[in-house]
Each structure stands twice: as C-alpha cells, then as structure tokens.
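Structure file my_file_9.txt (compact mmCIF, C-alpha atoms) follows.
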```txt
# COMPACT_ATOMS: atom_id res chain seq x y z
CA MET A 1 -277.66 -50.79 -20.44
CA ILE A 2 -274.55 -52.80 -21.16
CA ILE A 3 -274.76 -54.64 -17.84
CA ASP A 4 -278.13 -56.08 -18.92
CA LYS A 5 -276.89 -56.90 -22.42
CA LEU A 6 -273.87 -58.76 -21.00
CA LYS A 7 -276.05 -61.16 -19.00
CA ASN A 8 -275.98 -63.50 -21.98
CA HIS A 9 -272.17 -63.33 -22.21
CA ARG A 10 -269.36 -64.75 -20.13
CA LEU A 11 -266.61 -62.18 -19.62
CA ILE A 12 -263.11 -63.56 -19.13
CA LEU A 13 -260.51 -61.23 -17.64
CA ALA A 14 -257.05 -62.41 -18.66
CA SER A 15 -255.27 -60.61 -15.82
CA ARG A 16 -254.18 -61.44 -12.30
CA SER A 17 -253.98 -57.71 -11.43
CA PRO A 18 -256.12 -57.05 -8.34
CA ARG A 19 -256.47 -53.43 -9.46
CA ARG A 20 -258.01 -54.38 -12.82
CA GLN A 21 -260.32 -56.86 -11.12
CA GLN A 22 -261.48 -54.22 -8.63
CA LEU A 23 -262.12 -51.63 -11.36
CA LEU A 24 -264.20 -54.08 -13.41
CA ARG A 25 -266.22 -55.04 -10.32
CA GLU A 26 -266.83 -51.36 -9.53
CA LEU A 27 -268.06 -50.92 -13.12
CA GLY A 28 -270.71 -53.51 -12.26
CA LEU A 29 -269.43 -56.25 -14.56
CA LYS A 30 -269.38 -59.94 -13.69
CA PHE A 31 -266.38 -61.88 -14.97
CA ASP A 32 -264.14 -64.87 -14.45
CA VAL A 33 -260.39 -64.49 -14.09
CA VAL A 34 -258.47 -66.94 -16.29
CA ILE A 35 -254.68 -66.69 -16.48
CA ARG A 36 -252.53 -67.99 -19.29
CA GLU A 37 -248.83 -67.38 -19.03
CA TYR A 38 -247.47 -65.23 -21.83
CA PRO A 39 -243.96 -63.73 -22.05
CA GLU A 40 -244.41 -59.96 -22.13
CA THR A 41 -241.95 -59.47 -24.97
CA PHE A 42 -242.34 -57.41 -28.13
CA PRO A 43 -240.50 -56.72 -31.39
CA GLU A 44 -237.80 -54.08 -31.38
CA GLY A 45 -238.53 -50.63 -32.76
CA LEU A 46 -242.10 -50.26 -31.47
CA ASP A 47 -243.28 -47.07 -29.76
CA GLY A 48 -245.11 -47.13 -26.44
CA LYS A 49 -248.64 -47.33 -27.87
CA SER A 50 -247.67 -50.17 -30.20
CA ILE A 51 -245.96 -52.10 -27.40
CA ALA A 52 -249.00 -51.95 -25.09
CA GLU A 53 -251.38 -52.94 -27.90
CA TYR A 54 -249.09 -55.73 -29.15
CA ILE A 55 -248.78 -57.36 -25.73
CA SER A 56 -252.51 -57.10 -24.96
CA LEU A 57 -253.32 -58.72 -28.31
CA GLN A 58 -250.85 -61.56 -27.73
CA LYS A 59 -252.37 -62.20 -24.31
CA ALA A 60 -255.85 -62.35 -25.83
CA VAL A 61 -255.14 -64.55 -28.85
CA SER A 62 -253.86 -67.33 -26.60
CA PHE A 63 -257.58 -67.82 -25.76
CA ARG A 64 -258.78 -67.90 -29.38
CA ASP A 65 -259.06 -71.68 -29.72
CA GLY A 66 -261.97 -73.04 -27.78
CA LEU A 67 -263.95 -69.85 -27.11
CA SER A 68 -267.69 -70.36 -27.00
CA GLU A 69 -269.98 -68.07 -28.98
CA ASN A 70 -271.03 -66.08 -25.91
CA GLU A 71 -267.56 -65.61 -24.37
CA ILE A 72 -265.56 -62.36 -24.51
CA VAL A 73 -261.94 -62.13 -23.39
CA ILE A 74 -260.61 -58.87 -21.95
CA ALA A 75 -256.81 -58.70 -22.01
CA ALA A 76 -254.76 -55.65 -21.02
CA ASP A 77 -251.19 -54.51 -20.65
CA THR A 78 -249.98 -51.28 -19.05
CA ILE A 79 -246.58 -49.79 -19.74
CA VAL A 80 -244.74 -46.66 -18.65
CA TRP A 81 -243.09 -44.77 -21.52
CA CYS A 82 -240.43 -42.33 -20.34
CA ASN A 83 -237.68 -40.62 -22.32
CA ASN A 84 -238.59 -42.69 -25.41
CA LYS A 85 -238.18 -46.04 -23.70
CA VAL A 86 -240.39 -48.50 -21.90
CA LEU A 87 -240.16 -48.95 -18.14
CA GLY A 88 -241.54 -52.40 -17.37
CA LYS A 89 -241.84 -54.24 -14.07
CA PRO A 90 -238.65 -53.92 -12.03
CA GLN A 91 -236.54 -57.04 -11.52
CA ASP A 92 -235.23 -56.02 -8.09
CA TYR A 93 -234.67 -53.12 -5.68
CA TYR A 94 -231.96 -51.50 -7.80
CA ASP A 95 -234.05 -51.74 -10.96
CA ALA A 96 -237.00 -50.10 -9.15
CA GLU A 97 -234.71 -47.38 -7.79
CA LYS A 98 -233.37 -46.64 -11.28
CA MET A 99 -236.90 -46.37 -12.72
CA LEU A 100 -238.11 -44.08 -9.95
CA ARG A 101 -235.06 -41.83 -10.40
CA GLU A 102 -235.99 -41.63 -14.09
CA ILE A 103 -239.58 -40.50 -13.47
CA SER A 104 -238.62 -38.21 -10.56
CA GLY A 105 -239.17 -34.56 -11.56
CA ASN A 106 -240.30 -35.72 -14.99
CA THR A 107 -243.42 -36.29 -17.10
CA HIS A 108 -244.04 -39.76 -18.52
CA GLU A 109 -246.85 -41.56 -20.33
CA VAL A 110 -248.83 -44.45 -18.92
CA ILE A 111 -250.29 -46.44 -21.80
CA THR A 112 -252.73 -49.32 -21.44
CA GLY A 113 -253.44 -51.54 -24.41
CA VAL A 114 -256.70 -53.50 -24.26
CA THR A 115 -257.93 -56.30 -26.52
CA LEU A 116 -261.49 -57.61 -26.68
CA LEU A 117 -261.73 -61.04 -28.28
CA SER A 118 -264.67 -63.31 -29.11
CA SER A 119 -264.98 -66.35 -31.36
CA ALA A 120 -266.07 -64.02 -34.18
CA LYS A 121 -263.97 -60.86 -33.87
CA GLU A 122 -261.34 -58.88 -32.02
CA LYS A 123 -260.73 -55.22 -31.19
CA THR A 124 -257.53 -53.68 -29.82
CA PHE A 125 -257.24 -50.11 -28.56
CA SER A 126 -255.12 -48.11 -26.15
CA VAL A 127 -255.43 -45.14 -23.83
CA SER A 128 -252.59 -42.84 -22.80
CA SER A 129 -252.31 -40.60 -19.74
CA LYS A 130 -249.49 -38.15 -19.01
CA VAL A 131 -248.24 -38.20 -15.43
CA THR A 132 -245.95 -35.61 -13.84
CA PHE A 133 -243.98 -36.31 -10.66
CA ASP A 134 -242.27 -33.79 -8.41
CA PRO A 135 -238.59 -34.51 -7.71
CA LEU A 136 -238.16 -37.41 -5.27
CA SER A 137 -235.31 -37.59 -2.78
CA ALA A 138 -233.21 -40.72 -2.40
CA GLU A 139 -234.84 -41.23 1.03
CA GLU A 140 -238.35 -41.01 -0.43
CA ILE A 141 -237.52 -43.49 -3.19
CA SER A 142 -236.00 -45.89 -0.66
CA PHE A 143 -238.99 -45.51 1.69
CA TYR A 144 -241.45 -46.28 -1.08
CA ILE A 145 -239.63 -49.34 -2.42
CA ASN A 146 -239.03 -50.80 1.05
CA HIS A 147 -242.61 -50.30 2.25
CA TYR A 148 -244.63 -50.93 -0.92
CA LYS A 149 -242.41 -53.37 -2.88
CA PRO A 150 -243.69 -52.28 -6.32
CA TYR A 151 -242.16 -55.18 -8.26
CA ASP A 152 -245.40 -56.13 -9.99
CA LYS A 153 -246.02 -52.62 -11.35
CA ALA A 154 -244.90 -51.03 -14.61
CA GLY A 155 -242.54 -48.15 -13.92
CA ALA A 156 -242.07 -49.40 -10.33
CA TYR A 157 -244.99 -47.48 -8.86
CA GLY A 158 -248.71 -47.55 -8.14
CA ILE A 159 -250.40 -44.15 -8.50
CA GLN A 160 -252.92 -45.10 -5.79
CA GLU A 161 -250.14 -45.74 -3.25
CA TRP A 162 -248.05 -43.39 -1.07
CA ILE A 163 -245.83 -42.24 -3.93
CA GLY A 164 -248.81 -41.04 -5.97
CA LEU A 165 -250.18 -39.11 -2.99
CA ALA A 166 -246.82 -37.59 -2.11
CA ALA A 167 -245.27 -36.88 -5.51
CA CYS A 168 -247.79 -36.86 -8.39
CA SER A 169 -248.40 -33.22 -9.23
CA HIS A 170 -250.43 -33.58 -12.43
CA ILE A 171 -252.30 -36.14 -14.52
CA GLU A 172 -253.48 -35.35 -18.03
CA GLY A 173 -256.01 -37.98 -19.05
CA SER A 174 -257.64 -40.90 -17.26
CA TYR A 175 -256.58 -41.57 -13.66
CA PHE A 176 -258.02 -45.10 -13.84
CA ASN A 177 -255.82 -45.79 -16.87
CA VAL A 178 -252.82 -45.02 -14.66
CA VAL A 179 -254.18 -47.45 -12.06
CA GLY A 180 -254.25 -50.10 -14.80
CA LEU A 181 -257.49 -50.08 -16.80
CA PRO A 182 -259.16 -47.27 -18.80
CA VAL A 183 -262.64 -48.23 -17.61
CA ARG A 184 -264.61 -45.46 -19.33
CA THR A 185 -263.16 -46.31 -22.74
CA LEU A 186 -263.50 -50.04 -22.06
CA TYR A 187 -267.19 -49.55 -21.16
CA LYS A 188 -267.84 -47.77 -24.48
CA GLU A 189 -265.82 -50.28 -26.51
CA LEU A 190 -267.62 -53.23 -24.90
CA GLN A 191 -270.98 -51.73 -25.84
CA GLU A 192 -269.91 -51.44 -29.49
CA PHE A 193 -268.32 -54.89 -29.42
CA ILE A 194 -271.51 -56.69 -28.42
CA LEU A 195 -273.83 -54.57 -30.60
CA PHE A 196 -271.98 -54.59 -33.92
```

Represent the structure from my file as structure tokens, please.
Amino acid sequence: MIIDKLKNHRLILASRSPRRQQLLRELGLKFDVVIREYPETFPEGLDGKSIAEYISLQKAVSFRDGLSENEIVIAADTIVWCNNKVLGKPQDYYDAEKMLREISGNTHEVITGVTLLSSAKEKTFSVSSKVTFDPLSAEEISFYINHYKPYDKAGAYGIQEWIGLAACSHIEGSYFNVVGLPVRTLYKELQEFILF
C-alpha cells in the first residue's frame, strides 16, 4: 500500500488550504505544510487547464533547491473556468457578487492542477469537473457572501458550504476536485511517482 511505501518519504504540502489538508489527512497521508509565497499569475492566452497546471508547477519549483532525496512536494492550484475566462479569488464583496452572478444558472469547470516534485523528477497533471448551478436570486447571493465570506475561494464559492447545498444541481466528475484536491487521481499519481 502507498501509505506503507511513503513511510520513508517526507511529504510537503505547499498549500495553506484547510480543505486540501483535511482531504490529505482523510486519505491517510502524513505531511508537513510549508508555505512559500508565489504570485498566482500566468501568461496571457492560456486555457483553464494550462492555467491551473502552470500555477501549480510554479508553486512547486520554488522548493526545488534544497530538497532532500526522500522529500516530495505536493503543490496544487484550483481555478474556476466559466464562459472562457478564469474566475479567481474575489477581491471584495462586489467582485464575489459578480462571479456568483456569472455562475448562477450556468455550468462551469473547476480545474485543479497538481504538481509532484522531488529532487529527481516532477509530474504535473490536472483534473476537471463540470458543475451546474441553479439560478441564484440577488438575496441568496448576498446571504452567502455575507455569511460565508468566500474571499479565499476560486469562483467565490465553496461547494461544501450552503451555496453548494442550496444551488448545485449537478456535478460531472470528482466532487473532491471541486472541494480543492482530486484525491483519487493524486493517490494513483503518487503511487507511480514513488515506484518509477
């Protein structure tokens, strides 16, 4: 089992997201959280998949110098791709309101890019889930922003919060990817990463 094989490795999660940390713990993995500030910017002209993978790779490579032989960095970035544009983390109430109006009554993609990095190699991959929301009223949008303050979340929402319960009508793909980490795919990729 991978959990046994990883006993000889130190996993480093390059994310302050409590949701990612919880998902990794529930997968049975032991890890240390190490944060390095990185501006979440990307070149113009990239599609959603490329943006998520680019940012996750940039987060990971900041750890490249000084990694020990047994250390593996896990870096991730989740974006919301709606109407051919990226919806990042909202700057303020009005930005969050605008994003939620955009996904209201619409289907969007949630894409998480993940990079595994060791002193010897790296692997970047992404997982996409399609999420459909019922139309949201202005009152519902206001209620959610005021009570849940989703300023640290791509697309201005957390699927596991009130808005997901009240308005998400359909998910095609991994639910956990929408939460912030495609744990099933990560589990498989980690196995390959340490074996080959």

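The smallest atom-to-atom distance between A:Ile171 and any of A:Gly113, A:His108, A:Gly158, A:Lys85, using only C-alpha atoms, is found for A:His108.
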
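Closest approach to A:Val114 from the set A:Ile55, A:Leu195, A:Cys82, A:Leu46 is made by A:Ile55, with distances taken over all atoms listed in the file.
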
**A:Pro182 environment, 9 Å, all atoms listed in the file, sequence neighbours closer than 3 positions dropped, as a list of chain:residue names** = A:Thr112, A:Val114, A:Ser126, A:Val127, A:Ser128, A:Ser174, A:Tyr175, A:Phe176, A:Asn177, A:Val178, A:Val179, A:Thr185, A:Leu186, A:Tyr187

**Item:** Å distance separating atom CA of A:Gln22 from atom CA of A:Gln58, one decimal place
**Value:**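 These atoms are spaced 23.1 Å apart.
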
When you look at A:Asp152 with a cut-off of 9 Å (counting only C-alpha atoms), what residues show up, excluding the ones that are within fewer than 2 positions of it in the same chain? I need them as a CSV table (one decimal) with C-alpha atoms, in the coordinates of the input.
```csv
chain,number,residue,atom,x,y,z
A,17,SER,CA,-254.0,-57.7,-11.4
A,89,LYS,CA,-241.8,-54.2,-14.1
A,90,PRO,CA,-238.6,-53.9,-12.0
A,149,LYS,CA,-242.4,-53.4,-2.9
A,150,PRO,CA,-243.7,-52.3,-6.3
A,154,ALA,CA,-244.9,-51.0,-14.6
A,156,ALA,CA,-242.1,-49.4,-10.3
A,157,TYR,CA,-245.0,-47.5,-8.9
```

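For the pair atom CA of A:Asn146 and atom CA of A:Tyr93, the interatomic distance is 8.3 Å.
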
**Point-to-point distance in Å for atom CA of A:Leu24 and atom CA of A:Leu57** =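 For atom CA of A:Leu57 relative to atom CA of A:Leu24, the distance reads 19.0 Å.
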
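Considering the residues A:Ile103, A:Cys168, A:Leu116, A:Val131 and counting all atoms listed in the file, A:Ile194 has its shortest atom-to-atom contact with A:Leu116.
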
**Request:** For A:Ser56, list every protein, DNA or RNA residue within 8 Å, evaluated using all atoms listed in the file, and leave out those in the same chain fewer than 4 positions away; present the list as a count of residues only.
**Result:** 9

**Prompt:** Can you list, as an MDAnalysis selection string, every protein, DNA or RNA residue that comes within 8 Å of A:Arg10 when you count all atoms listed in the file, leaving out same-chain residues fewer than 5 positions away?
**Reply:** chainID A and resid 31:32 70:72

**Message:** I need the residue nearest A:Ala14 from this list: A:Leu136, A:Ile159, A:Ile74, A:Leu117. Use all atoms listed in the file for the distance.
**Reply:**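 Comparing A:Leu136, A:Ile159, A:Ile74, A:Leu117 against A:Ala14, the winner is A:Ile74.
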
**Message:** Is it possible to get the residues within 6 Å of (-250.1, -43.0, -19.3) (coordinates as in the file, counting all atoms listed in the file) written as a count of residues only?
**Reply:** 7

With all atoms listed in the file as the counted atoms, please give the residues lying no more than 12 Å from A:Ser169, apart from itself and same-chain residues fewer than 4 positions off, as an mmCIF file with C-alpha atoms, in the frame of the given file.
```cif
data_model
loop_
_atom_site.group_PDB
_atom_site.id
_atom_site.type_symbol
_atom_site.label_atom_id
_atom_site.label_comp_id
_atom_site.auth_asym_id
_atom_site.auth_seq_id
_atom_site.Cartn_x
_atom_site.Cartn_y
_atom_site.Cartn_z
ATOM 1 C CA SER A 104 -238.620 -38.210 -10.560
ATOM 2 C CA GLY A 105 -239.170 -34.560 -11.560
ATOM 3 C CA ASN A 106 -240.300 -35.720 -14.990
ATOM 4 C CA THR A 107 -243.420 -36.290 -17.100
ATOM 5 C CA LYS A 130 -249.490 -38.150 -19.010
ATOM 6 C CA VAL A 131 -248.240 -38.200 -15.430
ATOM 7 C CA THR A 132 -245.950 -35.610 -13.840
ATOM 8 C CA PHE A 133 -243.980 -36.310 -10.660
ATOM 9 C CA ASP A 134 -242.270 -33.790 -8.410
ATOM 10 C CA PRO A 135 -238.590 -34.510 -7.710
ATOM 11 C CA LEU A 136 -238.160 -37.410 -5.270
ATOM 12 C CA ILE A 159 -250.400 -44.150 -8.500
ATOM 13 C CA ILE A 163 -245.830 -42.240 -3.930
ATOM 14 C CA GLY A 164 -248.810 -41.040 -5.970
ATOM 15 C CA LEU A 165 -250.180 -39.110 -2.990
#
```

**Asked** Of the candidates A:Ala166, A:Met1, A:Leu67, A:Leu100, which shows the shortest atom-to-atom distance to A:Ile141, using only C-alpha atoms?
**Response**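 That would be A:Leu100, the residue with the smallest distance to A:Ile141.
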
**Item:** Residue nearest A:Ser15 among A:Pro43, A:Leu181, A:Gln160, A:His170 (counting all atoms listed in the file)
**Value:** A:Leu181
